[in-house]
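Colleague: Pasting model-v3.csv below, which is CSV, C-alpha atoms.
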chain,number,residue,atom,x,y,z
A,1,MET,CA,-7.8,0.1,23.9
A,2,LYS,CA,-10.9,-0.7,21.7
A,3,GLN,CA,-12.2,-4.2,21.5
A,4,ASN,CA,-11.2,-6.1,18.4
A,5,GLN,CA,-14.4,-6.7,16.2
A,6,PHE,CA,-13.0,-10.0,15.1
A,7,GLY,CA,-12.5,-11.4,18.6
A,8,LYS,CA,-9.3,-12.2,20.6
A,9,GLN,CA,-7.6,-13.8,17.6
A,10,GLY,CA,-8.2,-10.8,15.4
A,11,TRP,CA,-8.8,-11.1,11.6
A,12,THR,CA,-7.3,-14.1,9.8
A,13,PRO,CA,-7.6,-15.3,6.2
A,14,GLU,CA,-9.9,-18.1,7.3
A,15,ARG,CA,-12.6,-15.5,7.0
A,16,ILE,CA,-12.0,-15.2,3.2
A,17,GLY,CA,-14.6,-17.2,1.1
A,18,ASN,CA,-14.3,-18.3,-2.5
A,19,LEU,CA,-12.8,-15.6,-4.7
A,20,SER,CA,-13.1,-17.3,-8.0
A,21,ASN,CA,-15.0,-14.4,-9.6
A,22,LYS,CA,-12.8,-11.7,-8.2
A,23,ILE,CA,-9.8,-9.9,-9.7
A,24,TYR,CA,-7.1,-8.2,-7.6
A,25,ILE,CA,-4.4,-5.8,-8.6
A,26,VAL,CA,-1.4,-6.0,-6.2
A,27,THR,CA,1.8,-3.9,-6.3
A,28,GLY,CA,5.1,-5.2,-5.1
A,29,THR,CA,4.6,-8.9,-5.0
A,30,THR,CA,8.1,-10.4,-5.6
A,31,SER,CA,8.8,-10.7,-1.8
A,32,GLY,CA,7.4,-9.9,1.6
A,33,THR,CA,3.8,-9.0,2.4
A,34,GLY,CA,2.9,-8.5,-1.3
A,35,PHE,CA,4.0,-12.0,-2.2
A,36,GLU,CA,2.1,-13.5,0.8
A,37,ALA,CA,-1.0,-11.4,-0.1
A,38,ALA,CA,-1.0,-12.6,-3.7
A,39,LYS,CA,-0.4,-16.2,-2.7
A,40,ILE,CA,-3.4,-16.2,-0.3
A,41,LEU,CA,-5.7,-14.5,-2.8
A,42,LEU,CA,-4.7,-17.0,-5.5
A,43,SER,CA,-5.2,-19.9,-3.0
A,44,LYS,CA,-8.8,-18.7,-2.6
A,45,GLY,CA,-9.4,-18.8,-6.4
A,46,ALA,CA,-8.9,-15.2,-7.2
A,47,ARG,CA,-7.3,-13.8,-10.4
A,48,VAL,CA,-4.3,-11.7,-9.5
A,49,VAL,CA,-2.5,-9.1,-11.6
A,50,MET,CA,0.8,-8.3,-10.1
A,51,LEU,CA,2.5,-4.9,-10.8
A,52,ASN,CA,6.3,-5.1,-10.3
A,53,ARG,CA,9.2,-3.1,-11.7
A,54,ASN,CA,11.5,-6.1,-12.2
A,55,SER,CA,10.0,-8.5,-14.8
A,56,GLN,CA,12.6,-11.2,-14.2
A,57,LYS,CA,11.9,-11.3,-10.5
A,58,ALA,CA,8.1,-11.3,-11.3
A,59,ASN,CA,8.5,-14.3,-13.6
A,60,LYS,CA,10.4,-16.2,-10.9
A,61,THR,CA,7.6,-15.3,-8.5
A,62,ILE,CA,4.9,-16.6,-10.8
A,63,ASN,CA,6.9,-19.9,-11.1
A,64,THR,CA,7.2,-20.1,-7.3
A,65,LEU,CA,3.5,-19.5,-6.9
A,66,LYS,CA,2.7,-22.2,-9.5
A,67,GLN,CA,5.0,-24.7,-7.8
A,68,GLU,CA,3.2,-24.0,-4.5
A,69,LEU,CA,-0.4,-23.7,-5.6
A,70,GLY,CA,-0.5,-25.6,-8.9
A,71,ASP,CA,-0.4,-24.6,-12.6
A,72,ASN,CA,-4.1,-23.6,-12.8
A,73,ILE,CA,-3.7,-20.4,-10.8
A,74,ASP,CA,-4.7,-17.2,-12.8
A,75,VAL,CA,-1.7,-14.8,-12.3
A,76,LEU,CA,0.2,-12.5,-14.5
A,77,ASN,CA,2.6,-9.6,-14.1
A,78,ILE,CA,2.5,-6.1,-15.7
A,79,ARG,CA,5.7,-4.1,-15.5
A,80,MET,CA,5.4,-0.9,-13.4
A,81,ASP,CA,8.0,1.3,-11.8
A,82,LEU,CA,6.3,3.6,-9.3
A,83,ALA,CA,9.4,5.9,-9.5
A,84,GLU,CA,8.5,6.8,-13.1
A,85,GLN,CA,5.1,8.4,-13.8
A,86,SER,CA,5.3,7.3,-17.4
A,87,SER,CA,5.7,3.7,-16.3
A,88,VAL,CA,2.6,4.1,-14.0
A,89,LYS,CA,0.6,5.4,-16.9
A,90,ASN,CA,1.6,2.6,-19.2
A,91,ALA,CA,0.8,0.0,-16.5
A,92,ALA,CA,-2.6,1.5,-15.8
A,93,GLU,CA,-3.4,1.4,-19.5
A,94,GLU,CA,-2.3,-2.2,-19.7
A,95,VAL,CA,-4.5,-3.1,-16.6
A,96,ILE,CA,-7.5,-1.5,-18.2
A,97,LYS,CA,-7.0,-3.5,-21.4
A,98,THR,CA,-6.4,-6.7,-19.5
A,99,VAL,CA,-9.2,-6.9,-16.9
A,100,PRO,CA,-12.9,-6.1,-17.1
A,101,LYS,CA,-13.2,-5.3,-13.4
A,102,ILE,CA,-11.2,-4.8,-10.2
A,103,GLY,CA,-12.3,-6.2,-6.8
A,104,ALA,CA,-9.5,-4.3,-5.1
A,105,LEU,CA,-6.3,-2.4,-6.0
A,106,ILE,CA,-3.8,-3.1,-3.2
A,107,CYS,CA,-1.1,-0.5,-3.1
A,108,ASN,CA,1.6,-2.5,-1.2
A,109,ALA,CA,4.9,-1.6,-2.9
A,110,ALA,CA,7.1,0.9,-1.2
A,111,ILE,CA,10.7,2.0,-0.7
A,112,ALA,CA,12.1,2.9,2.7
A,113,GLN,CA,15.0,4.7,4.5
A,114,VAL,CA,16.9,5.7,1.3
A,115,PRO,CA,20.3,6.8,2.7
A,116,LYS,CA,20.9,9.8,0.5
A,117,GLN,CA,18.5,12.2,-1.2
A,118,THR,CA,17.7,10.7,-4.6
A,119,ILE,CA,15.6,12.5,-7.2
A,120,THR,CA,13.3,10.5,-9.6
A,121,VAL,CA,13.2,11.2,-13.4
A,122,ASP,CA,10.1,13.3,-12.7
A,123,GLY,CA,11.9,15.5,-10.2
A,124,PHE,CA,10.5,14.1,-7.0
A,125,GLU,CA,12.4,13.0,-3.9
A,126,SER,CA,12.4,9.2,-4.3
A,127,GLN,CA,10.5,8.1,-1.2
A,128,LEU,CA,7.7,10.6,-1.8
A,129,GLY,CA,7.9,10.0,-5.5
A,130,VAL,CA,7.4,6.2,-5.2
A,131,ASN,CA,5.3,5.8,-2.0
A,132,HIS,CA,3.0,8.8,-2.5
A,133,TYR,CA,3.0,10.3,-6.0
A,134,GLY,CA,3.3,7.0,-7.8
A,135,ASN,CA,0.4,5.5,-5.9
A,136,PHE,CA,-1.6,8.7,-6.1
A,137,LEU,CA,-1.4,8.6,-9.9
A,138,LEU,CA,-2.0,4.8,-10.1
A,139,GLN,CA,-5.2,5.1,-8.0
A,140,GLY,CA,-6.5,8.0,-10.0
A,141,LEU,CA,-5.9,6.3,-13.4
A,142,LEU,CA,-7.6,3.1,-12.3
A,143,PHE,CA,-10.4,4.9,-10.5
A,144,PRO,CA,-12.9,4.8,-13.4
A,145,LEU,CA,-12.6,1.0,-13.6
A,146,LEU,CA,-12.8,0.7,-9.8
A,147,ASP,CA,-15.9,2.9,-9.8
A,148,LYS,CA,-17.5,0.8,-12.5
A,149,SER,CA,-16.6,-2.4,-10.6
A,150,LYS,CA,-17.6,-1.0,-7.1
A,151,GLY,CA,-14.1,-2.0,-6.1
A,152,ARG,CA,-11.8,-1.0,-3.3
A,153,ILE,CA,-8.6,0.8,-2.9
A,154,VAL,CA,-6.3,-0.5,-0.1
A,155,VAL,CA,-3.3,1.6,0.8
A,156,VAL,CA,-0.6,-0.1,2.8
A,157,GLY,CA,0.8,2.6,5.1
A,158,SER,CA,3.2,2.3,8.0
A,159,MET,CA,3.3,3.2,11.7
A,160,GLY,CA,6.3,5.3,10.5
A,161,TYR,CA,3.7,7.9,9.6
A,162,ASN,CA,3.8,9.0,13.3
A,163,LEU,CA,7.6,9.2,13.6
A,164,GLY,CA,8.3,12.4,11.6
A,165,ILE,CA,7.2,16.0,11.7
A,166,LYS,CA,3.4,15.3,12.0
A,167,THR,CA,2.6,17.5,9.0
A,168,ILE,CA,3.6,17.9,5.4
A,169,GLN,CA,6.7,20.1,4.6
A,170,PHE,CA,5.0,22.0,1.8
A,171,ASP,CA,7.8,24.6,1.5
A,172,ASP,CA,10.4,22.0,0.6
A,173,MET,CA,8.7,18.8,-0.7
A,174,ASN,CA,12.0,17.3,-1.9
A,175,TRP,CA,13.7,17.9,1.4
A,176,ASP,CA,16.6,19.7,-0.2
A,177,LYS,CA,17.5,21.5,3.1
A,178,ASN,CA,17.0,18.8,5.7
A,179,TYR,CA,17.0,15.4,4.1
A,180,SER,CA,16.9,12.5,6.5
A,181,PRO,CA,16.1,8.9,5.5
A,182,ASN,CA,13.6,8.3,8.4
A,183,ALA,CA,11.9,11.7,8.4
A,184,VAL,CA,11.2,11.5,4.7
A,185,TYR,CA,10.0,7.9,4.8
A,186,SER,CA,7.6,9.0,7.6
A,187,GLN,CA,6.5,11.9,5.4
A,188,SER,CA,5.8,9.7,2.4
A,189,LYS,CA,3.7,7.3,4.6
A,190,LEU,CA,1.8,10.2,6.2
A,191,ALA,CA,1.0,11.6,2.8
A,192,GLN,CA,-0.3,8.2,1.6
A,193,ILE,CA,-2.5,7.8,4.7
A,194,MET,CA,-3.8,11.4,4.6
A,195,CYS,CA,-4.9,10.9,1.0
A,196,VAL,CA,-6.9,7.9,1.9
A,197,TYR,CA,-9.1,9.9,4.2
A,198,GLU,CA,-9.2,12.9,1.8
A,199,LEU,CA,-10.3,10.6,-1.0
A,200,GLN,CA,-13.1,9.2,1.2
A,201,ASN,CA,-14.2,12.8,1.9
A,202,ARG,CA,-14.1,13.8,-1.8
A,203,LEU,CA,-16.0,10.6,-2.9
A,204,LYS,CA,-18.7,11.4,-0.2
A,205,GLU,CA,-19.0,15.0,-1.4
A,206,ALA,CA,-19.3,13.8,-5.0
A,207,GLY,CA,-22.0,11.3,-4.1
A,208,LYS,CA,-19.7,8.4,-5.2
A,209,THR,CA,-19.9,5.9,-2.3
A,210,ASP,CA,-19.5,2.7,-4.3
A,211,VAL,CA,-15.7,2.7,-4.1
A,212,LYS,CA,-14.4,2.0,-0.7
A,213,VAL,CA,-10.9,3.2,0.4
A,214,TYR,CA,-9.0,1.7,3.3
A,215,ALA,CA,-5.7,2.5,5.1
A,216,CYS,CA,-3.8,-0.2,6.9
A,217,HIS,CA,-0.2,-1.2,7.8
A,218,PRO,CA,1.7,-4.5,8.2
A,219,GLY,CA,3.2,-3.9,11.7
A,220,ALA,CA,6.8,-4.9,12.0
A,221,SER,CA,7.1,-7.7,9.4
A,222,SER,CA,10.0,-9.7,8.2
A,223,THR,CA,10.4,-8.3,4.7
A,224,SER,CA,13.1,-7.1,2.3
A,225,LEU,CA,11.9,-3.5,2.4
A,226,ILE,CA,14.8,-2.1,4.4
A,227,ARG,CA,17.3,-4.6,3.1
A,228,THR,CA,16.8,-3.3,-0.5
A,229,SER,CA,16.9,0.5,0.2
A,230,GLY,CA,18.2,1.3,3.7
A,231,SER,CA,21.7,2.3,4.7
A,232,LEU,CA,24.2,-0.2,6.0
A,233,MET,CA,23.6,0.7,9.6
A,234,THR,CA,19.8,0.6,9.2
A,235,ARG,CA,20.0,-2.8,7.6
A,236,PHE,CA,22.3,-4.1,10.3
A,237,ILE,CA,19.9,-2.9,13.1
A,238,TRP,CA,16.9,-4.4,11.2
A,239,GLN,CA,18.7,-7.8,10.9
A,240,LEU,CA,19.1,-7.8,14.6
A,241,MET,CA,15.4,-6.8,15.1
A,242,LYS,CA,14.2,-9.5,12.8
A,243,VAL,CA,15.1,-12.2,15.3
A,244,SER,CA,13.4,-10.3,18.1
A,245,PRO,CA,9.9,-11.1,19.3
A,246,LEU,CA,8.8,-7.6,18.0
A,247,VAL,CA,8.9,-8.8,14.4
A,248,GLN,CA,6.3,-11.1,12.9
A,249,SER,CA,6.2,-13.1,9.7
A,250,ALA,CA,5.6,-11.5,6.3
A,251,GLU,CA,2.5,-13.7,6.0
A,252,LYS,CA,1.0,-12.1,9.1
A,253,GLY,CA,2.1,-8.7,7.8
A,254,ALA,CA,-0.1,-9.4,4.8
A,255,TYR,CA,-3.3,-9.9,6.9
A,256,PRO,CA,-4.3,-6.2,7.2
A,257,GLN,CA,-4.2,-5.6,3.4
A,258,LEU,CA,-6.1,-8.9,2.8
A,259,MET,CA,-8.7,-7.9,5.3
A,260,CYS,CA,-9.2,-4.5,3.7
A,261,ALA,CA,-9.4,-6.1,0.3
A,262,THR,CA,-12.0,-8.8,1.1
A,263,GLU,CA,-13.8,-8.3,4.4
A,264,PRO,CA,-17.4,-7.1,4.0
A,265,ASN,CA,-18.7,-4.1,6.0
A,266,LEU,CA,-15.4,-2.7,7.3
A,267,ASP,CA,-15.5,0.9,8.6
A,268,GLN,CA,-13.5,3.0,6.2
A,269,LEU,CA,-12.8,5.6,8.8
A,270,GLU,CA,-10.7,3.2,10.8
A,271,PHE,CA,-6.9,2.4,10.5
A,272,TYR,CA,-6.2,-1.3,10.4
A,273,GLY,CA,-3.2,-3.3,11.5
A,274,PRO,CA,-1.7,-5.4,14.3
A,275,THR,CA,-3.1,-4.3,17.7
A,276,LYS,CA,-0.4,-5.3,20.2
A,277,ARG,CA,3.1,-4.2,21.2
A,278,MET,CA,3.0,-0.7,19.8
A,279,ASN,CA,1.1,-2.1,16.8
A,280,THR,CA,4.2,-4.1,15.7
A,281,GLY,CA,2.3,-7.5,16.0
A,282,GLY,CA,-0.6,-9.3,17.5
A,283,PRO,CA,-4.2,-9.8,16.4
A,284,VAL,CA,-5.3,-7.7,13.4
A,285,GLY,CA,-8.1,-5.2,13.7
A,286,ALA,CA,-8.8,-1.5,13.9
A,287,HIS,CA,-6.6,0.7,16.1
A,288,LYS,CA,-5.9,4.4,16.9
A,289,LEU,CA,-4.7,6.8,14.2
A,290,GLU,CA,-3.1,10.0,15.5
A,291,PRO,CA,-5.3,13.1,14.7
A,292,HIS,CA,-2.6,14.8,12.6
A,293,ALA,CA,-3.1,12.1,9.9
A,294,LYS,CA,-6.7,13.2,9.5
A,295,ASP,CA,-6.1,17.0,9.4
A,296,ARG,CA,-8.5,18.0,6.6
A,297,ALA,CA,-6.9,21.4,5.9
A,298,ILE,CA,-3.5,19.8,5.4
A,299,ALA,CA,-4.9,16.8,3.5
A,300,LYS,CA,-6.8,19.1,1.0
A,301,ARG,CA,-3.7,21.1,0.3
A,302,LEU,CA,-1.7,17.9,-0.1
A,303,TRP,CA,-4.3,16.6,-2.6
A,304,GLU,CA,-4.0,19.8,-4.6
A,305,VAL,CA,-0.2,19.8,-4.5
A,306,SER,CA,-0.3,16.1,-5.6
A,307,GLU,CA,-2.6,16.8,-8.5
A,308,GLU,CA,-0.3,19.6,-9.7
A,309,ALA,CA,2.9,17.6,-9.2
A,310,THR,CA,1.6,14.5,-11.1
A,311,GLY,CA,-0.3,16.6,-13.7
A,312,PHE,CA,-3.3,14.4,-13.0
A,313,LYS,CA,-6.8,15.6,-12.0
A,314,TRP,CA,-9.1,13.0,-10.6
A,315,GLY,CA,-12.3,13.0,-12.7
A,316,PHE,CA,-15.2,13.4,-10.3
Please lay out the structure from this file as structure tokens.

Modeller:
Amino acid sequence: MKQNQFGKQGWTPERIGNLSNKIYIVTGTTSGTGFEAAKILLSKGARVVMLNRNSQKANKTINTLKQELGDNIDVLNIRMDLAEQSSVKNAAEEVIKTVPKIGALICNAAIAQVPKQTITVDGFESQLGVNHYGNFLLQGLLFPLLDKSKGRIVVVGSMGYNLGIKTIQFDDMNWDKNYSPNAVYSQSKLAQIMCVYELQNRLKEAGKTDVKVYACHPGASSTSLIRTSGSLMTRFIWQLMKVSPLVQSAEKGAYPQLMCATEPNLDQLEFYGPTKRMNTGGPVGAHKLEPHAKDRAIAKRLWEVSEEATGFKWGF
């Protein structure tokens, strides 16, 4: 096992300095790791633009954050539903109108273990549609502003990337024939992670190295992700697991995305998350990513398929 560059304790938010001139865009902040990430960024003086599909919940979140951190925090919500490409486009337009620069775009929102195959309004299987295509489009639309800002893209993946078929099922992207909640969740997370490293390659080839792109994961964190979209049995098992020592707090689950958004001189080629107990918890740092997640031939094809599916071509 590689030595943690941040020492035995791993990376912690104590390393974050004053962020008063920084702006962060964070998706999925009404609970879990996204909420904790937004809270820590705000506590360091950053301006945070939250992207959430439920405006009512987002307003409650803003009130909670103000109660905890004071009324002077600079936070607002822009409505965005990753399951609808038109909503992603509208939100990206709104972001561009609202902020002059982006320090980092943190793609934290996701759905998981959807019990039955569900198709989005755009015709995508829902987990792939939200976790991969929605984020792929959002990153592409905000890229010009990120490029101008020399900002970062932080993609929150999952160790679930390694639990499925270890490649992309190109012949049936919607899993019409063999839908399985876990296999498709794994597929969506693998797609997200593969596109991080493919984007790095494409930026390098285009001579655009000002935007940094990172992949990380929260480990096993106590969040509402499975509670909100998993089947009854999955939710029951998860409730039991949450009281086990394998599961850490949502705050600790936010550390990897915060590190990737703020820590200077991080190696983009690494994969970041908790480094102990099968990467479910422990000190945060870089750890092994299985080779299939960096298969360039598959990643290139996935990129092309994603551009075609979303009707969006990255402009570089």

Colleague: Tell me which of A:Gln3, A:Gln169, A:Asn131, A:Gln248 sits closest to Asn108 in chain A, counting all atoms listed in the file.

Modeller: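 The answer is A:Asn131, which sits nearest to Asn108 in chain A.
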
Colleague: What separation in Å, quoted to one decimal, exists between CA of Leu190 in chain A and CA of Tyr133 in chain A?

Modeller: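 Between these atoms lies a distance of 12.3 Å.
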
Colleague: Could you name the residues that touch range 137-154 of chain A at 7 Å or less, counting all atoms listed in the file, but leaving out those on the same chain fewer than 5 positions away, as number ranges by chain?

Modeller: A: 88, 92, 101-107, 210-215, 257, 260-261, 310, 312, 314

Colleague: Residues near Leu41 in chain A, anyone? I mean within 10 Å using only C-alpha atoms, not counting same-chain ones fewer than 4 positions away, as a PyMOL selection string.

Modeller: chain A and resi 13+16+18-20+22-24+36-37+45-48+258+261-262

Colleague: What does the distance between CA of Val26 in chain A and CA of Gly7 in chain A come to in Å, to one decimal place?

Modeller: 27.7 Å

Colleague: Return the single residue from A:Ser126, A:Glu84, A:Ser43, A:Met259 that is closest to Asp71 in chain A, with distances computed using only C-alpha atoms.

Modeller: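 Answer, going by the shortest atom-to-atom distance: A:Ser43.
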
Colleague: Please, what distance in Å, to one decimal, runs between CA of Thr29 in chain A and CA of Glu308 in chain A?

Modeller: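 Rounded to one decimal, the two atoms are 29.3 Å apart.
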
Colleague: For Glu304 in chain A, please output as a count of residues only all residues within 12 Å (counting only C-alpha atoms; exclusion window: fewer than 4 positions along the same chain).

Modeller: 17

Colleague: Which of these, A:Val284, A:Ala293, A:Ala250, A:Ala220, has the shortest distance to Gln187 in chain A once you count all atoms listed in the file?

Modeller: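 Result for the nearest residue to Gln187 in chain A: A:Ala293.
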
Colleague: Between A:Met173, A:Met50, A:Ile119, A:Ala110, which has the minimum distance to Thr98 in chain A (counting all atoms listed in the file)?

Modeller: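 Selected residue with least distance to Thr98 in chain A: A:Met50.
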
Colleague: For Glu263 in chain A, which residue among A:Gly17, A:Gly32, A:Pro283, A:Gly160 is the nearest when counting only C-alpha atoms?

Modeller: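 The answer is A:Gly17, which sits nearest to Glu263 in chain A.
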
Colleague: Let me make sure I understand: among A:Asn59, A:Asn72, A:Ser180, A:Ser87, which one has the smallest atom-to-atom distance to Lys116 in chain A if we use all atoms listed in the file?

Modeller: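 For Lys116 in chain A, the nearest of the given residues is A:Ser180.
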